[in-house]
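Just below is one structure, and these are the notes that go with it.
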Amino acid sequence: MRKSTLAALTVVGLAATLASYPTGALAGTSGPDRAPDQVLDLTGEPYATDLIAAKAATAPYRDVAEAEADGYVLSSPMCVPSKGVHYLRSVAESPEELRITEPNALVYAPTSTGGLKLLGVEYVSRVPATLFGRDFEQSGAVHYYTLHVWLWEKEPVELIAADNPHITCGT
């Protein structure tokens with residue numbers, strides 16, 4: 001099966017799955033497995049459908065073990081204030097390789113109990129790219145272009161921003 005056909009079938013399958021959920025559950029406002037601190041209503045955002053799809057696709061990664069099982073590897077062993085702890089799976093060679101429902105990296109913050117809490121996703125490309133109507137920012141020393149989306153943050157200062165001032169790393 002051609003890659004583009006497989007991708008189209010995946011999108012159709014995801015759309016069918018998303019259609020079966022109540023809107024509030026996708027926005028993070030209901031459901032038995034939702035912690036109160038994971039409430040973020042995306043329905044009024046530009047690109048809401050894409051953002052909701054990204055959030056639904058990354059829900060299993062609230063458990064770091066699930067992220068690791070899917071190929072995400074710890075890439076920042078120490079928490080960096082405003083940046084968090086990153087788990088990287090891939091770097092896109094071109095904008096065409098970017099998939100909204102398959103972020104290249106996941107961003108976690110340490111919890112008071114010693115665990116990690118998923119706060120956002122990151123899209124990473126070797127060349128300039130755009131998603132959700134936003135241009136990627138060039139990442140200094142490593143020469144990548146990145147876009148952070150704080151999908152799992154209860155009340156992000158900005159939904160799409162390089163830094164998250166709520167991540168203090170326990171300091």
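Ordering of the structure tokens sets the chain letters (A, B, ...), residue numbers begin anew at 1 in every chain, and ligands are numbered from 1 in the order given.
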
Taking a cut-off of 10 Å and counting only C-alpha atoms, can you build a table that, for each residue of segment 109-148 of chain A near segment 152-163 of chain A, reports the nearest atom pair and how far apart they are in Å (one decimal), sorted by chain then residue number, as JSON lines?
{"residue": "A:Lys117", "atom": "CA", "partner": "A:Trp152", "partner_atom": "CA", "distance": 8.7}
{"residue": "A:Leu118", "atom": "CA", "partner": "A:Trp152", "partner_atom": "CA", "distance": 6.2}
{"residue": "A:Leu119", "atom": "CA", "partner": "A:Trp152", "partner_atom": "CA", "distance": 4.3}
{"residue": "A:Gly120", "atom": "CA", "partner": "A:Trp152", "partner_atom": "CA", "distance": 5.5}
{"residue": "A:Val121", "atom": "CA", "partner": "A:Trp152", "partner_atom": "CA", "distance": 8.4}
{"residue": "A:Glu122", "atom": "CA", "partner": "A:Ala162", "partner_atom": "CA", "distance": 9.2}
{"residue": "A:Phe132", "atom": "CA", "partner": "A:Ile160", "partner_atom": "CA", "distance": 8.9}
{"residue": "A:Arg134", "atom": "CA", "partner": "A:Ile160", "partner_atom": "CA", "distance": 8.2}
{"residue": "A:Phe136", "atom": "CA", "partner": "A:Ala162", "partner_atom": "CA", "distance": 9.3}
{"residue": "A:Glu137", "atom": "CA", "partner": "A:Ala162", "partner_atom": "CA", "distance": 7.8}
{"residue": "A:Ser139", "atom": "CA", "partner": "A:Ala162", "partner_atom": "CA", "distance": 9.4}
{"residue": "A:Thr146", "atom": "CA", "partner": "A:Ala162", "partner_atom": "CA", "distance": 8.0}
{"residue": "A:Leu147", "atom": "CA", "partner": "A:Ala162", "partner_atom": "CA", "distance": 6.7}
{"residue": "A:His148", "atom": "CA", "partner": "A:Ala162", "partner_atom": "CA", "distance": 5.5}

Okay, now the selection with all heavy atoms, as an mmCIF file, in the first residue's frame?
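Output below, filename again.cif:
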data_model
loop_
_atom_site.group_PDB
_atom_site.id
_atom_site.type_symbol
_atom_site.label_atom_id
_atom_site.label_comp_id
_atom_site.auth_asym_id
_atom_site.auth_seq_id
_atom_site.Cartn_x
_atom_site.Cartn_y
_atom_site.Cartn_z
ATOM 1 N N LYS A 117 4.712 14.843 33.997
ATOM 2 C CA LYS A 117 3.370 15.166 33.520
ATOM 3 C C LYS A 117 3.490 15.757 32.120
ATOM 4 O O LYS A 117 4.239 16.732 31.905
ATOM 5 C CB LYS A 117 2.732 16.163 34.480
ATOM 6 C CG LYS A 117 1.402 16.674 34.036
ATOM 7 C CD LYS A 117 0.902 17.679 35.053
ATOM 8 C CE LYS A 117 -0.313 18.402 34.540
ATOM 9 N NZ LYS A 117 -0.756 19.430 35.453
ATOM 10 N N LEU A 118 2.763 15.195 31.169
ATOM 11 C CA LEU A 118 2.765 15.708 29.808
ATOM 12 C C LEU A 118 2.093 17.082 29.774
ATOM 13 O O LEU A 118 0.972 17.241 30.250
ATOM 14 C CB LEU A 118 2.012 14.738 28.883
ATOM 15 C CG LEU A 118 1.917 15.130 27.407
ATOM 16 C CD1 LEU A 118 3.308 15.237 26.778
ATOM 17 C CD2 LEU A 118 1.050 14.136 26.656
ATOM 18 N N LEU A 119 2.805 18.071 29.235
ATOM 19 C CA LEU A 119 2.239 19.416 29.108
ATOM 20 C C LEU A 119 2.094 19.841 27.658
ATOM 21 O O LEU A 119 1.220 20.632 27.335
ATOM 22 C CB LEU A 119 3.084 20.455 29.839
ATOM 23 C CG LEU A 119 3.090 20.405 31.356
ATOM 24 C CD1 LEU A 119 3.857 21.581 31.919
ATOM 25 C CD2 LEU A 119 1.690 20.369 31.924
ATOM 26 N N GLY A 120 2.964 19.324 26.794
ATOM 27 C CA GLY A 120 2.902 19.784 25.414
ATOM 28 C C GLY A 120 3.540 18.844 24.428
ATOM 29 O O GLY A 120 4.120 17.819 24.789
ATOM 30 N N VAL A 121 3.385 19.229 23.172
ATOM 31 C CA VAL A 121 4.007 18.497 22.078
ATOM 32 C C VAL A 121 4.905 19.468 21.327
ATOM 33 O O VAL A 121 4.737 20.680 21.416
ATOM 34 C CB VAL A 121 2.944 17.881 21.131
ATOM 35 C CG1 VAL A 121 2.061 16.894 21.883
ATOM 36 C CG2 VAL A 121 2.102 18.949 20.453
ATOM 37 N N GLU A 122 5.849 18.900 20.610
ATOM 38 C CA GLU A 122 6.771 19.730 19.836
ATOM 39 C C GLU A 122 6.937 19.116 18.459
ATOM 40 O O GLU A 122 7.097 17.903 18.314
ATOM 41 C CB GLU A 122 8.132 19.812 20.540
ATOM 42 C CG GLU A 122 9.141 20.652 19.813
ATOM 43 C CD GLU A 122 10.474 20.727 20.543
ATOM 44 O OE1 GLU A 122 10.672 19.978 21.526
ATOM 45 O OE2 GLU A 122 11.324 21.524 20.128
ATOM 46 N N PHE A 132 -0.450 24.887 12.126
ATOM 47 C CA PHE A 132 -1.438 25.650 12.895
ATOM 48 C C PHE A 132 -1.343 27.150 12.565
ATOM 49 O O PHE A 132 -1.574 27.998 13.424
ATOM 50 C CB PHE A 132 -1.265 25.439 14.402
ATOM 51 C CG PHE A 132 -1.219 23.988 14.806
ATOM 52 C CD1 PHE A 132 -0.065 23.438 15.326
ATOM 53 C CD2 PHE A 132 -2.343 23.181 14.682
ATOM 54 C CE1 PHE A 132 -0.018 22.104 15.713
ATOM 55 C CE2 PHE A 132 -2.307 21.846 15.058
ATOM 56 C CZ PHE A 132 -1.149 21.308 15.570
ATOM 57 N N ARG A 134 1.270 28.880 12.178
ATOM 58 C CA ARG A 134 2.417 29.497 12.858
ATOM 59 C C ARG A 134 3.728 28.987 12.261
ATOM 60 O O ARG A 134 3.891 27.784 12.029
ATOM 61 C CB ARG A 134 2.404 29.152 14.346
ATOM 62 C CG ARG A 134 1.163 29.613 15.096
ATOM 63 C CD ARG A 134 1.096 31.123 15.318
ATOM 64 N NE ARG A 134 1.985 31.614 16.323
ATOM 65 C CZ ARG A 134 1.713 31.633 17.618
ATOM 66 N NH1 ARG A 134 0.575 31.172 18.079
ATOM 67 N NH2 ARG A 134 2.589 32.111 18.455
ATOM 68 N N PHE A 136 7.588 27.902 12.411
ATOM 69 C CA PHE A 136 8.478 27.310 13.405
ATOM 70 C C PHE A 136 9.563 28.333 13.746
ATOM 71 O O PHE A 136 9.930 29.159 12.929
ATOM 72 C CB PHE A 136 9.154 26.058 12.847
ATOM 73 C CG PHE A 136 8.264 24.843 12.787
ATOM 74 C CD1 PHE A 136 6.907 24.923 12.536
ATOM 75 C CD2 PHE A 136 8.809 23.598 12.962
ATOM 76 C CE1 PHE A 136 6.105 23.792 12.481
ATOM 77 C CE2 PHE A 136 8.027 22.455 12.909
ATOM 78 C CZ PHE A 136 6.670 22.557 12.669
ATOM 79 N N GLU A 137 10.071 28.235 14.978
ATOM 80 C CA GLU A 137 11.163 29.095 15.412
ATOM 81 C C GLU A 137 12.479 28.343 15.270
ATOM 82 O O GLU A 137 12.541 27.141 15.549
ATOM 83 C CB GLU A 137 10.963 29.503 16.874
ATOM 84 C CG GLU A 137 9.741 30.352 17.089
ATOM 85 C CD GLU A 137 9.580 30.774 18.539
ATOM 86 O OE1 GLU A 137 10.501 30.561 19.357
ATOM 87 O OE2 GLU A 137 8.522 31.323 18.848
ATOM 88 N N SER A 139 15.821 26.951 16.396
ATOM 89 C CA SER A 139 16.386 26.579 17.683
ATOM 90 C C SER A 139 17.891 26.746 17.601
ATOM 91 O O SER A 139 18.550 26.027 16.859
ATOM 92 C CB SER A 139 15.997 25.130 18.004
ATOM 93 O OG SER A 139 16.521 24.741 19.226
ATOM 94 N N THR A 146 11.507 24.574 15.407
ATOM 95 C CA THR A 146 10.574 23.905 16.315
ATOM 96 C C THR A 146 9.301 24.720 16.521
ATOM 97 O O THR A 146 9.289 25.945 16.363
ATOM 98 C CB THR A 146 11.220 23.663 17.694
ATOM 99 O OG1 THR A 146 11.536 24.925 18.287
ATOM 100 C CG2 THR A 146 12.480 22.816 17.585
ATOM 101 N N LEU A 147 8.245 23.992 16.911
ATOM 102 C CA LEU A 147 6.981 24.611 17.271
ATOM 103 C C LEU A 147 6.431 23.843 18.468
ATOM 104 O O LEU A 147 6.211 22.636 18.389
ATOM 105 C CB LEU A 147 5.985 24.540 16.110
ATOM 106 C CG LEU A 147 4.666 25.263 16.340
ATOM 107 C CD1 LEU A 147 4.873 26.780 16.227
ATOM 108 C CD2 LEU A 147 3.624 24.800 15.340
ATOM 109 N N HIS A 148 6.279 24.541 19.590
ATOM 110 C CA HIS A 148 5.743 23.942 20.817
ATOM 111 C C HIS A 148 4.266 24.283 20.940
ATOM 112 O O HIS A 148 3.881 25.439 20.767
ATOM 113 C CB HIS A 148 6.461 24.499 22.053
ATOM 114 C CG HIS A 148 7.877 24.064 22.168
ATOM 115 N ND1 HIS A 148 8.887 24.645 21.454
ATOM 116 C CD2 HIS A 148 8.431 23.102 22.926
ATOM 117 C CE1 HIS A 148 10.034 24.062 21.766
ATOM 118 N NE2 HIS A 148 9.782 23.118 22.672
#

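Near Asp50 of chain A, within 10 Å and counting only C-alpha atoms, sit Leu42, Glu45, Pro46, Ala54, Lys55, Ala56, Ile100, Thr101, Leu131 and Phe132 of chain A; same-chain residues fewer than 4 positions away were not included.
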
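Rounded to one decimal, atom CA of Gly84 of chain A and atom CA of Ala69 of chain A lie 20.4 Å from each other.
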
Can you work out which one of A:Glu93, A:Gly115, A:Ala109, A:Gly140 has the shortest atom-to-atom distance to Pro128 of chain A, counting only C-alpha atoms? A:Glu93

Which of A:Cys79, A:Leu106, A:Val85, A:Ala65 sits closest to Trp150 of chain A [using only C-alpha atoms]: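 Using only C-alpha atoms, the shortest distance to Trp150 of chain A belongs to A:Leu106.
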
Rank A:Val107, A:Val142, A:Ala92, A:Ala53 by their smallest atom-to-atom distance to Val73 of chain A, using only C-alpha atoms, and report the top residue only.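 For Val73 of chain A, the nearest of the given residues is A:Val107.
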
Write out as a PyMOL selection string all residues of segment 50-86 of chain A that DSSP puts in strand (DSSP E or B) for this structure's backbone. chain A and resi 73-74+80+84-86

Could you save those same residues with N, CA and C atoms as a tab-separated table (two decimals), in the first residue's frame?
chain	number	residue	atom	x	y	z
A	73	VAL	N	12.38	8.90	22.97
A	73	VAL	CA	13.58	8.69	23.78
A	73	VAL	C	13.90	9.97	24.54
A	74	LEU	N	14.24	9.83	25.81
A	74	LEU	CA	14.61	10.98	26.61
A	74	LEU	C	15.76	11.72	25.93
A	80	VAL	N	14.65	21.76	32.19
A	80	VAL	CA	15.10	23.12	31.96
A	80	VAL	C	13.91	24.04	32.23
A	84	GLY	N	11.11	22.38	30.16
A	84	GLY	CA	10.69	21.05	30.57
A	84	GLY	C	11.68	19.95	30.24
A	85	VAL	N	11.16	18.74	30.17
A	85	VAL	CA	11.92	17.53	29.86
A	85	VAL	C	11.39	17.02	28.52
A	86	HIS	N	12.28	16.81	27.57
A	86	HIS	CA	11.87	16.42	26.22
A	86	HIS	C	12.14	14.94	25.94

Applying 10 Å and only C-alpha atoms, which residues near Leu98 of chain A remain after dropping the ones on its own chain fewer than 6 positions away? List them as a count of residues only. 10

Quick one: of A:Pro110, A:Arg126, A:Lys83, A:Gly170, who's nearest to Pro95 of chain A, counting only C-alpha atoms?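 Among A:Pro110, A:Arg126, A:Lys83, A:Gly170, it is A:Arg126 that comes nearest to Pro95 of chain A.
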
In terms of only C-alpha atoms, the residue from A:Thr58, A:Tyr108, A:Tyr145, A:Gln138 at minimal distance from His166 of chain A is A:Tyr108
